[in-house]
Amino acid sequence: MNNSNDMYKKFGISEKVIDFVSSVEEDLRDKFSEVDKIAEINQYKVLSAMQEERLSDTHFNWNTGYGYDDAGREVTEKIFARAFGGEAALVRTGFVNGTHALAAGLFGILRPGDGLCYVSGSPYDTLEEVIGIRGQGMGSLIEYGVKYFQVELKQNYASNETPFDLDAIKDTLEQHPEIKVIGIQRATGYSWRRSITINEIQELVNFVKSIKPELIVFVDNCYGEFLDLREPLDVGCDIMAGSLIKNPGGGIALSGGYAIGRKDLVEGVSYRLTCPGIGGECGLTFGQTRTMLQGLFLAPTVVSAAVKGAMVCGETFSRMGFETMPHADMPRSDIIQAIKLESSERLVAFCKGIQAAAPVDSFVTPLPWPMPGYDTDVVMAAGAFVQGSSIELSADGPVKPPYNVYFQGGITYAHSKIGVIFALNELLKEGLLEI
């Protein structure tokens, strides 16, 4: 028995689990090198943006009051815009989460009578109440007179074909000329599908703009940043939004979100974040420009660690006989690995293992609870330095058949791999699985 096995055994980990996961890891080495190459190019992209915007230590200083002429805030937004290929960016601690940034984006662009059409199927659960397809009396888009349309993705699409139903999209656009915004959710959310790649987004953009050039393509980019050499704005999308406590914050940003894209559209978002006439001219960053930018600098490497951890997780549980999404040979465009665990006991046990592998609150037992914004109980393991940080090791899932768990994060690859080991070990320990 080698020294690492001895150390794991000291923590109550089965030697069978260690050997099994290590064999999976070894078989994935070639795929890991591809991930590392993407991280290297994205690292240069971020470094170049910081250098070209002449980032200085003085940009980390505090401002007070209204935040007028906040040089740190201004350079932060210029760096984000440059790194992600946008004309302008709004990067603020005032966004409480990714859903808030997405909501501000939609409200900033759409007006009563306009149409919004999601072409990637149902939006993420928390956006349903923003749009108004669930919940009432909340001031949703539908309550304000925005019309909502939805086109489902193709069923069981292969890894080499577009997931978008182009014929249905064309029909919807022709039948509803009021559609102004096309919405795309890049990541899987709580659905059972692989994430949508940049090449597929590019094909979709070219298609819809050939039908109606003035359409605005809006991308929910959560979990997708730095998975590819290009971002949605590089392939013709008009605006995208996301969270700083996911990929682009690198595990360092304490809070916040972003909207990046066409200057006029970002300005519209700023009027929703603050108010008309003020927009992005005010708003303190509360001394967070250092952590925002240091997180962005670390993000390409952190994201690559999370991707490799997701690959190990997926392949491990695939070899254990579970359905997984995506499979090892599928393209990845987010950091999420879904596993169909087929029982609530396995779902809770998996999350218990992830929680036990956490640096923070490892002693806590995750239990299902009615989480705000969701239509069913959710069990969530997230012992993170930044609460709710999905780029740190976490796992969660809705407690309903088929009991899918969604594994993501790990700001180091070693920690992500440890999470897989602990989750598998917990399932064995509780008699819910055998190797």
# chains A, B, ... in the order shown; residues from 1 in each chain; ligands from 1
>>> residues_around(residues="region 51-53 of chain A", least_positions_apart="6", cutoff="8 Å", atoms="only C-alpha atoms", output="PyMOL selection string")
chain A and resi 75+78-79
>>> write_last_selection(atoms="all heavy atoms", output="PDB file, in the first residue's frame")
ATOM      1  N   VAL A  75     -11.888  50.443 -14.355  1.00  0.00           N
ATOM      2  CA  VAL A  75     -10.899  49.576 -14.994  1.00  0.00           C
ATOM      3  C   VAL A  75     -11.318  48.117 -14.885  1.00  0.00           C
ATOM      4  O   VAL A  75     -11.063  47.311 -15.794  1.00  0.00           O
ATOM      5  CB  VAL A  75      -9.485  49.807 -14.409  1.00  0.00           C
ATOM      6  CG1 VAL A  75      -9.286  49.092 -13.073  1.00  0.00           C
ATOM      7  CG2 VAL A  75      -8.410  49.354 -15.402  1.00  0.00           C
ATOM      8  N   LYS A  78     -13.701  47.561 -17.692  1.00  0.00           N
ATOM      9  CA  LYS A  78     -12.999  47.544 -18.978  1.00  0.00           C
ATOM     10  C   LYS A  78     -12.252  46.227 -19.179  1.00  0.00           C
ATOM     11  O   LYS A  78     -12.210  45.674 -20.284  1.00  0.00           O
ATOM     12  CB  LYS A  78     -12.028  48.721 -19.062  1.00  0.00           C
ATOM     13  CG  LYS A  78     -12.705  50.073 -19.241  1.00  0.00           C
ATOM     14  CD  LYS A  78     -11.677  51.195 -19.298  1.00  0.00           C
ATOM     15  CE  LYS A  78     -12.344  52.552 -19.486  1.00  0.00           C
ATOM     16  NZ  LYS A  78     -11.344  53.652 -19.502  1.00  0.00           N
ATOM     17  N   ILE A  79     -11.663  45.705 -18.112  1.00  0.00           N
ATOM     18  CA  ILE A  79     -10.928  44.435 -18.197  1.00  0.00           C
ATOM     19  C   ILE A  79     -11.886  43.285 -18.502  1.00  0.00           C
ATOM     20  O   ILE A  79     -11.611  42.447 -19.365  1.00  0.00           O
ATOM     21  CB  ILE A  79     -10.143  44.182 -16.890  1.00  0.00           C
ATOM     22  CG1 ILE A  79      -8.935  45.133 -16.820  1.00  0.00           C
ATOM     23  CG2 ILE A  79      -9.688  42.723 -16.796  1.00  0.00           C
ATOM     24  CD1 ILE A  79      -8.255  45.162 -15.467  1.00  0.00           C
TER      25      ILE A  79
END
>>> select_by_dssp(residues="region 112-195 of chain A", states="strand (DSSP E or B)", output="list in words")
Gly115, Leu116, Cys117, Tyr118, Lys147, Tyr148, Phe149, Gln150, Ile179, Lys180, Val181, Ile182, Gly183, Ile184 and Gln185 of chain A
>>> residues_around(residues="Gly67 (chain A)", least_positions_apart="4", cutoff="12 Å", atoms="only C-alpha atoms", output="MDAnalysis selection string")
chainID A and resid 61:63 71:74 92 278:287
>>> closest_atom_pairs(of="region 81-139 of chain A", to="region 231-254 of chain A", cutoff="7 Å", atoms="only C-alpha atoms", output="tab-separated table")
residue	atom	partner	partner_atom	distance
A:Phe84	CA	A:Glu231	CA	6.3
A:Gly85	CA	A:Leu233	CA	5.7
A:Gly86	CA	A:Leu233	CA	6.3
A:Asn97	CA	A:Ser243	CA	5.7
A:Gly98	CA	A:Ser243	CA	4.2
A:Ala101	CA	A:Ala241	CA	6.0
A:Leu102	CA	A:Ala241	CA	5.6
>>> write_last_selection(atoms="N, CA and C atoms", output="PDB file, in the first residue's frame")
ATOM      1  N   PHE A  84     -13.775  39.248 -22.266  1.00  0.00           N
ATOM      2  CA  PHE A  84     -14.903  38.454 -22.757  1.00  0.00           C
ATOM      3  C   PHE A  84     -15.431  38.916 -24.108  1.00  0.00           C
ATOM      4  N   GLY A  85     -14.747  39.896 -24.723  1.00  0.00           N
ATOM      5  CA  GLY A  85     -15.094  40.286 -26.085  1.00  0.00           C
ATOM      6  C   GLY A  85     -16.293  41.200 -26.210  1.00  0.00           C
ATOM      7  N   GLY A  86     -16.565  42.025 -25.196  1.00  0.00           N
ATOM      8  CA  GLY A  86     -17.706  42.932 -25.240  1.00  0.00           C
ATOM      9  C   GLY A  86     -17.309  44.382 -25.422  1.00  0.00           C
ATOM     10  N   ASN A  97     -26.782  37.866  -7.144  1.00  0.00           N
ATOM     11  CA  ASN A  97     -26.465  36.537  -7.664  1.00  0.00           C
ATOM     12  C   ASN A  97     -26.613  36.559  -9.191  1.00  0.00           C
ATOM     13  N   GLY A  98     -26.382  35.411  -9.807  1.00  0.00           N
ATOM     14  CA  GLY A  98     -26.493  35.337 -11.255  1.00  0.00           C
ATOM     15  C   GLY A  98     -27.902  35.593 -11.751  1.00  0.00           C
ATOM     16  N   ALA A 101     -28.479  39.266 -12.027  1.00  0.00           N
ATOM     17  CA  ALA A 101     -27.827  39.843 -13.206  1.00  0.00           C
ATOM     18  C   ALA A 101     -28.613  39.519 -14.481  1.00  0.00           C
ATOM     19  N   LEU A 102     -29.093  38.286 -14.589  1.00  0.00           N
ATOM     20  CA  LEU A 102     -29.885  37.883 -15.749  1.00  0.00           C
ATOM     21  C   LEU A 102     -31.205  38.648 -15.795  1.00  0.00           C
TER      22      LEU A 102
END
>>> closest_residue(among="A:Ala382, A:Ile418, A:Ile179, A:Ala358", to="Val119 (chain A)", atoms="only C-alpha atoms")
A:Ile179
>>> closest_atom_pairs(of="region 200-234 of chain A", to="region 150-172 of chain A", cutoff="12 Å", atoms="only C-alpha atoms", output="tab-separated table")
residue	atom	partner	partner_atom	distance
A:Glu200	CA	A:Thr162	CA	5.8
A:Ile201	CA	A:Thr162	CA	8.8
A:Gln202	CA	A:Thr162	CA	10.4
A:Glu203	CA	A:Thr162	CA	8.1
A:Leu204	CA	A:Phe164	CA	7.3
A:Val205	CA	A:Leu166	CA	10.9
A:Asn206	CA	A:Leu166	CA	11.2
A:Phe207	CA	A:Leu166	CA	7.9
A:Val208	CA	A:Lys170	CA	7.5
A:Lys209	CA	A:Lys170	CA	10.6
A:Ser210	CA	A:Lys170	CA	10.2
A:Ile211	CA	A:Lys170	CA	7.5
A:Lys212	CA	A:Lys170	CA	9.8
>>> write_last_selection(atoms="C-alpha atoms", output="mmCIF file, in the first residue's frame")
data_model
loop_
_atom_site.group_PDB
_atom_site.id
_atom_site.type_symbol
_atom_site.label_atom_id
_atom_site.label_comp_id
_atom_site.auth_asym_id
_atom_site.auth_seq_id
_atom_site.Cartn_x
_atom_site.Cartn_y
_atom_site.Cartn_z
ATOM 1 C CA GLU A 200 -23.515 25.492 -31.586
ATOM 2 C CA ILE A 201 -24.292 28.965 -30.249
ATOM 3 C CA GLN A 202 -22.531 30.473 -33.266
ATOM 4 C CA GLU A 203 -24.644 28.388 -35.652
ATOM 5 C CA LEU A 204 -27.809 29.441 -33.818
ATOM 6 C CA VAL A 205 -26.875 33.138 -33.909
ATOM 7 C CA ASN A 206 -26.167 33.023 -37.645
ATOM 8 C CA PHE A 207 -29.458 31.241 -38.230
ATOM 9 C CA VAL A 208 -31.775 33.555 -36.263
ATOM 10 C CA LYS A 209 -30.096 36.725 -37.528
ATOM 11 C CA SER A 210 -30.488 35.533 -41.115
ATOM 12 C CA ILE A 211 -34.238 35.512 -40.417
ATOM 13 C CA LYS A 212 -34.386 38.721 -38.366
#
>>> residues_around(residues="region 393-399 of chain A", least_positions_apart="5", cutoff="6 Å", atoms="only C-alpha atoms", output="MDAnalysis selection string")
chainID A and resid 351 377:382 404:410
>>> atom_distance(atom1="CA of Ile13 (chain A)", atom2="CA of Ser33 (chain A)")
28.3 Å
>>> select_by_dssp(residues="region 206-331 of chain A", states="helix (DSSP H, G or I)", output="PyMOL selection string")
chain A and resi 206-211+232-235+247-249+263-273+279-281+289-319
>>> atom_distance(atom1="CA of Gly137 (chain A)", atom2="CA of Val217 (chain A)")
27.6 Å
>>> residues_around(residues="Lys31 (chain A)", least_positions_apart="5", cutoff="12 Å", atoms="only C-alpha atoms", output="NGL selection string")
:A and (24-26 or 36-38 or 304 or 307-309 or 311-312 or 328-332)
>>> closest_residue(among="A:Asp375, A:Glu34, A:Glu40, A:Glu426", to="Thr126 (chain A)", atoms="only C-alpha atoms")
A:Asp375
>>> closest_residue(among="A:Thr301, A:Thr99, A:Gln355, A:Ser191", to="Tyr413 (chain A)", atoms="only C-alpha atoms")
A:Thr301
>>> residues_around(residues="Glu77 (chain A)", least_positions_apart="3", cutoff="7 Å", atoms="only C-alpha atoms", output="PyMOL selection string")
chain A and resi 73-74+80-81+89-91
>>> write_last_selection(atoms="C-alpha atoms", output="mmCIF file, in the first residue's frame")
data_model
loop_
_atom_site.group_PDB
_atom_site.id
_atom_site.type_symbol
_atom_site.label_atom_id
_atom_site.label_comp_id
_atom_site.auth_asym_id
_atom_site.auth_seq_id
_atom_site.Cartn_x
_atom_site.Cartn_y
_atom_site.Cartn_z
ATOM 1 C CA ARG A 73 -14.570 50.084 -10.806
ATOM 2 C CA GLU A 74 -14.051 51.566 -14.262
ATOM 3 C CA PHE A 80 -13.990 42.187 -18.064
ATOM 4 C CA ALA A 81 -15.291 43.652 -21.325
ATOM 5 C CA ALA A 89 -19.400 45.609 -19.016
ATOM 6 C CA LEU A 90 -21.281 46.111 -15.772
ATOM 7 C CA VAL A 91 -19.453 44.232 -13.001
#
>>> residues_around(residues="Leu127 (chain A)", least_positions_apart="5", cutoff="12 Å", atoms="only C-alpha atoms", output="PyMOL selection string")
chain A and resi 97-106+118+122+132-135+140-141+183+185+189+220+372-375
>>> closest_residue(among="A:Thr197, A:Ser23, A:Asn5, A:Gln43", to="Phe297 (chain A)", atoms="only C-alpha atoms")
A:Gln43
>>> closest_residue(among="A:Cys222, A:Leu293, A:Val302, A:Val17", to="Ala39 (chain A)", atoms="only C-alpha atoms")
A:Val302
>>> closest_residue(among="A:Phe363, A:Phe11, A:Gly108, A:Glu178", to="Thr274 (chain A)", atoms="only C-alpha atoms")
A:Gly108
>>> atom_distance(atom1="CA of Gly261 (chain A)", atom2="CA of Val181 (chain A)")
13.9 Å
